[in-house]
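Colleague: Input structure.csv, format and content: CSV, C-alpha atoms.
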chain,number,residue,atom,x,y,z
G,141,MET,CA,-50.3,2.4,15.2
G,142,LYS,CA,-49.3,-0.3,12.7
G,143,ARG,CA,-47.3,2.2,10.8
G,144,MET,CA,-45.4,3.2,14.0
G,145,LEU,CA,-44.7,-0.4,14.8
G,146,SER,CA,-43.4,-1.1,11.3
G,147,LEU,CA,-41.1,1.9,11.6
G,148,LEU,CA,-39.8,0.8,14.9
G,149,LEU,CA,-39.2,-2.7,13.5
G,150,CYS,CA,-37.2,-1.4,10.6
G,151,LEU,CA,-35.1,0.7,12.9
G,152,CYS,CA,-34.4,-2.2,15.2
G,153,LEU,CA,-33.4,-4.4,12.2
G,154,ALA,CA,-31.1,-1.7,10.9
G,155,LEU,CA,-29.2,-1.2,14.2
G,156,PRO,CA,-27.1,-4.4,14.1
G,157,ALA,CA,-26.0,-3.7,10.5
G,158,ALA,CA,-25.0,-0.2,11.4
G,159,ALA,CA,-23.1,-1.4,14.4
G,160,LEU,CA,-21.1,-3.8,12.3
G,161,ALA,CA,-20.5,-1.3,9.5
G,162,SER,CA,-18.0,0.9,11.3
G,163,SER,CA,-14.4,2.0,10.9
G,164,LEU,CA,-11.7,0.1,12.7
G,165,THR,CA,-10.4,1.5,16.0
G,166,LEU,CA,-6.6,1.7,16.5
G,167,THR,CA,-4.9,0.9,19.8
G,168,GLY,CA,-1.3,1.5,20.8
G,169,ASP,CA,1.3,1.3,18.1
G,170,LEU,CA,3.6,-1.7,17.7
G,171,THR,CA,7.1,-0.1,18.1
G,172,ALA,CA,10.7,-1.1,18.3
G,173,SER,CA,14.1,0.5,18.1
G,174,TYR,CA,17.6,-0.8,17.6
G,175,VAL,CA,20.9,1.1,18.2
G,176,PRO,CA,24.0,-1.1,17.6
G,177,ASP,CA,27.1,-0.7,19.7
G,178,GLY,CA,29.9,1.4,18.2
G,179,VAL,CA,27.9,2.5,15.1
G,180,ASP,CA,26.5,5.9,14.5
G,181,TYR,CA,23.2,4.5,13.4
G,182,ARG,CA,19.7,4.0,14.9
G,183,PHE,CA,16.6,2.2,13.6
G,184,THR,CA,13.1,3.0,14.8
G,185,ILE,CA,9.8,1.6,13.6
G,186,ALA,CA,6.1,2.1,14.5
G,187,LEU,CA,3.3,0.0,13.0
G,188,PRO,CA,-0.5,0.2,13.5
G,189,GLN,CA,-2.5,-2.2,15.7
G,190,ILE,CA,-6.2,-2.7,15.6
G,191,ASP,CA,-8.2,-2.7,18.9
G,192,GLY,CA,-10.4,-5.7,19.8
G,193,ASP,CA,-10.2,-9.5,19.2
G,194,SER,CA,-12.3,-9.8,16.0
G,195,GLU,CA,-11.0,-12.0,13.2
G,196,THR,CA,-10.2,-8.9,11.1
G,197,ALA,CA,-8.2,-7.3,13.9
G,198,GLN,CA,-6.3,-10.4,14.6
G,199,LEU,CA,-5.4,-10.9,10.9
G,200,ILE,CA,-4.3,-7.3,10.4
G,201,ASN,CA,-2.3,-7.3,13.6
G,202,SER,CA,-0.7,-10.5,12.6
G,203,THR,CA,0.4,-9.1,9.3
G,204,PHE,CA,2.1,-6.1,11.0
G,205,ALA,CA,3.6,-8.4,13.6
G,206,MET,CA,5.3,-10.3,10.8
G,207,GLU,CA,6.3,-7.0,9.2
G,208,MET,CA,7.9,-5.9,12.5
G,209,ALA,CA,9.9,-9.2,12.8
G,210,GLU,CA,11.2,-8.8,9.3
G,211,GLN,CA,12.2,-5.2,9.8
G,212,VAL,CA,13.9,-5.6,13.1
G,213,GLU,CA,15.5,-9.1,12.7
G,214,PHE,CA,16.5,-8.7,9.1
G,215,LYS,CA,16.5,-5.3,7.6
G,216,ALA,CA,17.7,-3.4,10.6
G,217,GLN,CA,20.6,-5.8,11.0
G,218,ILE,CA,21.6,-5.4,7.3
G,219,GLN,CA,21.5,-1.6,7.6
G,220,ALA,CA,23.5,-1.6,10.8
G,221,ASP,CA,26.2,-3.8,9.1
G,222,PHE,CA,26.3,-1.4,6.1
G,223,PHE,CA,26.7,1.7,8.3
G,224,ALA,CA,29.4,-0.1,10.3
G,225,MET,CA,31.4,-1.1,7.2
G,226,SER,CA,31.0,2.3,5.4
G,227,GLY,CA,31.6,4.4,8.5
G,228,SER,CA,28.5,6.4,7.6
G,229,ALA,CA,26.2,8.1,10.1
G,230,GLY,CA,22.5,8.2,10.0
G,231,TYR,CA,19.2,6.5,10.8
G,232,THR,CA,16.2,4.5,9.4
G,233,ASP,CA,12.7,5.4,10.5
G,234,VAL,CA,9.7,3.4,9.5
G,235,SER,CA,6.3,5.2,10.1
G,236,TYR,CA,2.8,4.8,8.9
G,237,GLU,CA,-0.3,6.7,7.8
G,238,ILE,CA,-3.9,5.4,7.7
G,239,THR,CA,-5.1,6.5,4.2
G,240,CYS,CA,-8.5,4.7,4.3
G,241,ASN,CA,-10.6,3.3,7.2
G,242,THR,CA,-14.1,2.5,6.0
G,243,ASP,CA,-16.7,-0.2,6.3
G,244,ASP,CA,-15.1,-2.1,3.4
G,245,TYR,CA,-11.4,-1.3,3.4
G,246,PHE,CA,-8.5,-0.5,5.7
G,247,SER,CA,-5.5,1.0,3.9
G,248,VAL,CA,-2.0,1.8,5.4
G,249,LEU,CA,0.9,3.6,3.8
G,250,LEU,CA,4.3,2.7,5.2
G,251,THR,CA,7.1,5.2,4.8
G,252,THR,CA,10.8,4.3,5.3
G,253,GLU,CA,13.0,7.3,5.7
G,254,GLN,CA,16.7,6.8,5.8
G,255,GLN,CA,19.5,9.2,6.2
G,256,GLU,CA,23.1,8.4,5.3
G,257,ASN,CA,25.4,11.3,6.1
G,258,ASP,CA,23.8,14.2,4.1
G,259,THR,CA,21.6,12.1,1.9
G,260,VAL,CA,17.9,11.4,2.8
G,261,THR,CA,15.8,8.8,0.9
G,262,ARG,CA,12.2,7.8,1.3
G,263,ILE,CA,10.5,4.6,0.1
G,264,VAL,CA,6.8,3.9,0.5
G,265,ALA,CA,4.7,0.7,0.5
G,266,GLY,CA,0.9,0.4,0.4
G,267,HIS,CA,-1.3,-2.2,2.1
G,268,VAL,CA,-5.1,-2.4,1.5
G,269,PHE,CA,-6.9,-4.8,3.7
G,270,ALA,CA,-10.4,-6.2,2.9
G,271,ARG,CA,-13.0,-5.8,5.7
G,272,SER,CA,-15.3,-8.6,4.4
G,273,GLY,CA,-15.5,-11.4,1.9
G,274,PRO,CA,-13.2,-14.4,1.3
G,275,LYS,CA,-10.1,-12.3,1.9
G,276,GLN,CA,-11.3,-10.5,5.0
G,277,GLY,CA,-8.4,-9.2,7.0
G,278,GLN,CA,-5.9,-9.9,4.2
G,279,VAL,CA,-4.0,-7.6,1.9
G,280,LEU,CA,-5.6,-7.2,-1.5
G,281,SER,CA,-3.7,-7.1,-4.7
G,282,LEU,CA,-5.1,-5.1,-7.6
G,283,PRO,CA,-7.0,-7.9,-9.5
G,284,TYR,CA,-8.9,-8.9,-6.3
G,285,LEU,CA,-9.7,-5.3,-5.5
G,286,LEU,CA,-11.0,-4.8,-9.0
G,287,GLY,CA,-13.2,-7.9,-8.8
G,288,LEU,CA,-11.3,-9.7,-11.5
G,289,LEU,CA,-10.7,-12.5,-9.0
G,290,ASP,CA,-13.1,-13.4,-6.2
G,291,GLY,CA,-10.8,-14.3,-3.4
G,292,SER,CA,-11.4,-18.0,-3.5
G,293,GLU,CA,-9.4,-18.7,-6.7
G,294,VAL,CA,-7.0,-21.6,-6.7
G,295,ASP,CA,-6.4,-21.5,-10.5
G,296,GLU,CA,-2.8,-20.1,-10.8
G,297,TRP,CA,-3.2,-19.6,-14.6
G,298,LEU,CA,-6.3,-17.4,-14.1
G,299,GLU,CA,-4.7,-15.5,-11.2
G,300,SER,CA,-1.6,-14.8,-13.4
G,301,TYR,CA,-3.7,-13.8,-16.4
G,302,GLN,CA,-5.9,-11.4,-14.4
G,303,THR,CA,-3.0,-9.9,-12.7
G,304,GLU,CA,-1.2,-9.2,-15.9
G,305,ARG,CA,-4.4,-7.9,-17.4
G,306,ALA,CA,-4.8,-5.4,-14.6
G,307,ASN,CA,-1.1,-4.4,-14.7
G,308,THR,CA,-1.2,-3.8,-18.4
G,309,CYS,CA,-4.3,-1.6,-18.1
G,310,VAL,CA,-2.9,0.6,-15.3
G,311,ARG,CA,0.5,0.9,-16.9
G,312,ARG,CA,-1.1,2.0,-20.1
G,313,MET,CA,-3.2,4.6,-18.3
G,314,ILE,CA,-0.2,6.0,-16.4
G,315,TRP,CA,2.2,5.9,-19.4
G,316,GLU,CA,-0.3,8.1,-21.3
G,317,GLN,CA,-0.1,10.7,-18.5
G,318,ILE,CA,3.7,10.5,-18.5
G,319,GLU,CA,3.9,11.1,-22.3
G,320,ALA,CA,1.7,14.2,-21.9
G,321,ASP,CA,3.6,15.5,-18.8
G,322,THR,CA,6.0,18.3,-19.8
G,323,GLU,CA,6.8,19.4,-16.2
G,324,THR,CA,8.2,16.4,-14.4
G,325,PRO,CA,11.9,15.9,-14.9
G,326,PHE,CA,11.8,12.4,-16.3
G,327,PHE,CA,15.0,10.8,-17.3
G,328,GLU,CA,15.9,11.4,-20.9
G,329,ALA,CA,16.4,7.7,-21.6
G,330,LEU,CA,13.1,6.7,-20.0
G,331,ASP,CA,11.0,4.5,-22.3
G,332,GLU,CA,8.0,2.3,-21.8
G,333,ALA,CA,10.1,-0.8,-21.1
G,334,TRP,CA,12.1,1.0,-18.4
G,335,PHE,CA,8.8,2.2,-16.9
G,336,GLU,CA,7.3,-1.3,-16.9
G,337,GLY,CA,10.4,-2.7,-15.2
G,338,CYS,CA,10.2,-0.6,-12.1
G,339,PHE,CA,6.4,-0.3,-11.6
G,340,TYR,CA,4.1,-3.2,-10.5
G,341,PRO,CA,0.5,-1.9,-10.3
G,342,GLU,CA,-0.7,-5.1,-8.5
G,343,GLU,CA,0.9,-3.9,-5.3
G,344,ASP,CA,2.3,-0.4,-5.9
G,345,PHE,CA,-0.8,1.5,-4.6
G,346,TRP,CA,-2.7,2.6,-1.6
G,347,MET,CA,-6.4,3.5,-1.2
G,348,ALA,CA,-7.6,7.0,-0.4
G,349,GLU,CA,-10.5,7.6,2.0
G,350,ASP,CA,-13.0,8.1,-0.9
G,351,GLY,CA,-12.0,4.7,-2.4
G,352,ALA,CA,-9.8,6.0,-5.2
G,353,LEU,CA,-6.6,4.1,-5.8
G,354,VAL,CA,-3.3,6.0,-5.7
G,355,PHE,CA,-0.5,4.3,-7.7
G,356,PHE,CA,3.1,5.4,-7.0
G,357,LEU,CA,6.6,5.2,-8.4
G,358,GLN,CA,9.4,5.6,-5.9
G,359,PRO,CA,11.6,8.7,-6.0
G,360,GLY,CA,14.5,8.3,-8.5
G,361,PHE,CA,13.0,5.4,-10.4
G,362,ILE,CA,11.9,7.2,-13.6
G,363,ALA,CA,12.6,10.8,-12.8
G,364,ASP,CA,15.2,13.0,-10.9
G,365,ARG,CA,15.0,12.2,-7.2
G,366,GLU,CA,14.1,15.8,-6.5
G,367,ALA,CA,10.8,15.2,-8.2
G,368,GLY,CA,9.9,13.0,-5.2
G,369,LEU,CA,7.2,10.3,-5.0
G,370,LEU,CA,5.2,10.2,-8.3
G,371,THR,CA,1.5,9.4,-7.8
G,372,TYR,CA,-1.3,8.7,-10.2
G,373,ARG,CA,-4.9,8.5,-8.9
G,374,PHE,CA,-7.8,6.6,-10.5
G,375,THR,CA,-11.2,5.4,-9.3
G,376,VAL,CA,-11.9,1.7,-9.6
G,377,GLU,CA,-14.6,2.6,-12.2
G,378,GLU,CA,-12.1,4.4,-14.3
G,379,ILE,CA,-9.8,1.4,-14.4
G,380,LEU,CA,-12.6,-1.1,-15.1
G,381,ASP,CA,-13.8,1.2,-18.0
G,382,GLU,CA,-10.3,0.8,-19.6
G,383,LEU,CA,-10.1,-3.0,-19.2
Please render this file's structure as structure tokens.
Modeller:
Amino acid sequence: MKRMLSLLLCLCLALPAAALASSLTLTGDLTASYVPDGVDYRFTIALPQIDGDSETAQLINSTFAMEMAEQVEFKAQIQADFFAMSGSAGYTDVSYEITCNTDDYFSVLLTTEQQENDTVTRIVAGHVFARSGPKQGQVLSLPYLLGLLDGSEVDEWLESYQTERANTCVRRMIWEQIEADTETPFFEALDEAWFEGCFYPEEDFWMAEDGALVFFLQPGFIADREAGLLTYRFTVEEILDEL
């Protein structure tokens, strides 16, 4: 009887933790469109929104609300003016993909596809949100995600040092792969300085569902645009082993 009561007590104690440890639920997308008069151009955007009124949901939704405002009130206007002046025809479409939704992290990959006449370009951006800790509901840069900074740091020197440390490590790991890659059509003039100048590991990544980090270089940055988005995947443990 005592054994049964002990088991029931353990189950009851475990239930609240299990209830809290769950993936986030999405609600209707945050959407907008803009079609300027007299211009053969349209702008559309859809961003995720989290259901509920928890602190995490509010913070994530606020981040994407600010992203929406910047896209519609600033970037869309600039693109519309460009299409008007150039006489080009086309569109801009901003969409998203949830790449990780676990107890610890929520990761979103934004893709901006733009067509100008016959040319289509795609640019991506990754956002990895913490589900707990000092930076709960906020986007994590690489040194925080690796645990090199604890989220409560106010020491700008330490933050800068750890960011550069993480950047240098990941750049070195990827550059070694680039040097060994004989199939990707890299630019002939590509060198390490060029590579470092267009790749910022502290923010150029998203998180996969299994927790691995996927770093990316935009199409046309270091290789022919036809090569598409270049991605390099590492676990957190692999990066920490190289630090």
Colleague: Using all atoms listed in the file for the distances, tell me which of G:Glu342, G:Phe183, G:Pro188, G:Trp297 is nearest to Ile218 in chain G.
Modeller: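 Smallest separation from Ile218 in chain G among the options: G:Phe183.
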Colleague: For each of G:Glu343, G:Glu253, G:Glu336, G:Asp243, take the minimum atom-to-atom distance to Tyr284 in chain G, counting only C-alpha atoms, then give the residue where this is smallest.
Modeller: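 With only C-alpha atoms as the atom set, the closest residue is G:Glu343.
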Colleague: Would you pick out the contacts of range 199-204 of chain G at 9 Å or less, using all atoms listed in the file, so that residues sharing its chain but fewer than 2 positions from it are not included, and give the list as a list in words?
Modeller: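 With the cut-off at 9 Å, the set is Leu170, Leu187, Pro188, Gln189, Ile190, Ser194, Glu195, Thr196, Ala197, Met206, Glu207, Met208, Ala209, Phe269, Gln276, Gly277, Gln278 and Val279 of chain G.
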Colleague: Dump C-alpha atoms for the selected residues as a PDB file, keeping the file's coordinate frame?
Modeller:
ATOM      1  CA  LEU G 170       3.600  -1.700  17.700  1.00  0.00           C
ATOM      2  CA  LEU G 187       3.300   0.000  13.000  1.00  0.00           C
ATOM      3  CA  PRO G 188      -0.500   0.200  13.500  1.00  0.00           C
ATOM      4  CA  GLN G 189      -2.500  -2.200  15.700  1.00  0.00           C
ATOM      5  CA  ILE G 190      -6.200  -2.700  15.600  1.00  0.00           C
ATOM      6  CA  SER G 194     -12.300  -9.800  16.000  1.00  0.00           C
ATOM      7  CA  GLU G 195     -11.000 -12.000  13.200  1.00  0.00           C
ATOM      8  CA  THR G 196     -10.200  -8.900  11.100  1.00  0.00           C
ATOM      9  CA  ALA G 197      -8.200  -7.300  13.900  1.00  0.00           C
ATOM     10  CA  MET G 206       5.300 -10.300  10.800  1.00  0.00           C
ATOM     11  CA  GLU G 207       6.300  -7.000   9.200  1.00  0.00           C
ATOM     12  CA  MET G 208       7.900  -5.900  12.500  1.00  0.00           C
ATOM     13  CA  ALA G 209       9.900  -9.200  12.800  1.00  0.00           C
ATOM     14  CA  PHE G 269      -6.900  -4.800   3.700  1.00  0.00           C
ATOM     15  CA  GLN G 276     -11.300 -10.500   5.000  1.00  0.00           C
ATOM     16  CA  GLY G 277      -8.400  -9.200   7.000  1.00  0.00           C
ATOM     17  CA  GLN G 278      -5.900  -9.900   4.200  1.00  0.00           C
ATOM     18  CA  VAL G 279      -4.000  -7.600   1.900  1.00  0.00           C
TER      19      VAL G 279
END
Colleague: I'd like the neighbourhood of Ala172 in chain G as a list of chain:residue names, where a residue qualifies if any of its atoms comes within 12 Å (using all atoms listed in the file), though same-chain residues fewer than 4 positions away should be ignored.
Modeller: G:Arg182, G:Phe183, G:Thr184, G:Ile185, G:Ala186, G:Leu187, G:Ala205, G:Glu207, G:Met208, G:Ala209, G:Glu210, G:Gln211, G:Val212, G:Glu213, G:Ala216, G:Thr232, G:Asp233, G:Val234, G:Ser235
Colleague: Taking into account all atoms listed in the file, which residue in the set G:Gly291, G:Gly230, G:Pro325, G:Gly192 is nearest to Ala363 in chain G?
Modeller: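 Among G:Gly291, G:Gly230, G:Pro325, G:Gly192, it is G:Pro325 that comes nearest to Ala363 in chain G.
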Colleague: CA of Gln198 in chain G to CA of Leu288 in chain G: how many Å, to one decimal?
Modeller: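 Taking CA of Gln198 in chain G as the start and CA of Leu288 in chain G as the end point, the length is 26.6 Å.
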Colleague: Could you give me the axis-aligned bounding box of range 206-223 of chain G, with 3 Å of padding per side, as centre plus edge lengths in Å to one decimal, as lines of an AutoDock Vina configuration file?
Modeller:
center_x = 16.0
center_y = -4.3
center_z = 9.6
size_x = 27.4
size_y = 18.0
size_z = 13.0
Colleague: The residues within 12 Å of (-9.6, 5.3, -9.5), using all atoms listed in the file and the coordinates of the file, should be reported as a list in words; which are they?
Modeller: Leu282, Leu285, Leu286, Val310, Met313, Ile314, Phe345, Trp346, Met347, Ala348, Glu349, Asp350, Gly351, Ala352, Leu353, Val354, Phe355, Thr371, Tyr372, Arg373, Phe374, Thr375, Val376, Glu377, Glu378, Ile379, Leu380, Asp381 and Glu382 of chain G
Colleague: Can I get the selected residues back with C-alpha atoms, as an mmCIF file, in the coordinates of the input?
Modeller:
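The file below, again03.cif, is the result:
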data_model
loop_
_atom_site.group_PDB
_atom_site.id
_atom_site.type_symbol
_atom_site.label_atom_id
_atom_site.label_comp_id
_atom_site.auth_asym_id
_atom_site.auth_seq_id
_atom_site.Cartn_x
_atom_site.Cartn_y
_atom_site.Cartn_z
ATOM 1 C CA LEU G 282 -5.100 -5.100 -7.600
ATOM 2 C CA LEU G 285 -9.700 -5.300 -5.500
ATOM 3 C CA LEU G 286 -11.000 -4.800 -9.000
ATOM 4 C CA VAL G 310 -2.900 0.600 -15.300
ATOM 5 C CA MET G 313 -3.200 4.600 -18.300
ATOM 6 C CA ILE G 314 -0.200 6.000 -16.400
ATOM 7 C CA PHE G 345 -0.800 1.500 -4.600
ATOM 8 C CA TRP G 346 -2.700 2.600 -1.600
ATOM 9 C CA MET G 347 -6.400 3.500 -1.200
ATOM 10 C CA ALA G 348 -7.600 7.000 -0.400
ATOM 11 C CA GLU G 349 -10.500 7.600 2.000
ATOM 12 C CA ASP G 350 -13.000 8.100 -0.900
ATOM 13 C CA GLY G 351 -12.000 4.700 -2.400
ATOM 14 C CA ALA G 352 -9.800 6.000 -5.200
ATOM 15 C CA LEU G 353 -6.600 4.100 -5.800
ATOM 16 C CA VAL G 354 -3.300 6.000 -5.700
ATOM 17 C CA PHE G 355 -0.500 4.300 -7.700
ATOM 18 C CA THR G 371 1.500 9.400 -7.800
ATOM 19 C CA TYR G 372 -1.300 8.700 -10.200
ATOM 20 C CA ARG G 373 -4.900 8.500 -8.900
ATOM 21 C CA PHE G 374 -7.800 6.600 -10.500
ATOM 22 C CA THR G 375 -11.200 5.400 -9.300
ATOM 23 C CA VAL G 376 -11.900 1.700 -9.600
ATOM 24 C CA GLU G 377 -14.600 2.600 -12.200
ATOM 25 C CA GLU G 378 -12.100 4.400 -14.300
ATOM 26 C CA ILE G 379 -9.800 1.400 -14.400
ATOM 27 C CA LEU G 380 -12.600 -1.100 -15.100
ATOM 28 C CA ASP G 381 -13.800 1.200 -18.000
ATOM 29 C CA GLU G 382 -10.300 0.800 -19.600
#
Colleague: Please report the interatomic distance between CA of Val248 in chain G and CA of Val268 in chain G in Å with one decimal.
Modeller: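 Here the two named atoms are 6.5 Å from each other.
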Colleague: Which value, in Å to one decimal, gives the distance between CA of Asp258 in chain G and CA of Tyr231 in chain G?
Modeller: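 Result for CA of Asp258 in chain G versus CA of Tyr231 in chain G: 11.2 Å, one decimal.
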Colleague: Give me, as a list in words, all polymer residues having an atom no more than 8 Å from Ile238 in chain G, counting all atoms listed in the file and skipping those fewer than 5 positions away in the same chain.
Modeller: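 Answer for this query is Phe246, Ser247, Val248 and Leu249 of chain G.
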Colleague: Given only C-alpha atoms as the basis, pick out the residue of G:Leu166, G:Ala333, G:Ala229, G:Cys338 nearest to Asn257 in chain G.
Modeller: G:Ala229
Colleague: Using all atoms listed in the file, find all polymer residues with an atom at most 8 Å away from the point (-11.1, 0.6, 9.1); report them as number ranges by chain.
Modeller: G: 162-165, 240-247, 271
Colleague: Counting only C-alpha atoms, figure out which residue out of G:Val179, G:Ala270, G:Met225, G:Leu357 gets nearest to Arg311 in chain G.
Modeller: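 Using only C-alpha atoms, the shortest distance to Arg311 in chain G belongs to G:Leu357.
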Colleague: Just the residues within 7 Å of Ala265 in chain G, please, counting all atoms listed in the file, with nothing from its chain fewer than 3 positions along; format it as a list in words.
Modeller: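 Close residues of Ala265 in chain G: Leu249, Leu250, Thr251 and Asp344 of chain G.
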Colleague: Find the residue from G:Asn307, G:Thr322, G:Ser228, G:Thr259 that sits nearest to Glu366 in chain G; use all atoms listed in the file when measuring.
Modeller: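 Of G:Asn307, G:Thr322, G:Ser228, G:Thr259, the one nearest Glu366 in chain G is G:Thr259, counting all atoms listed in the file.
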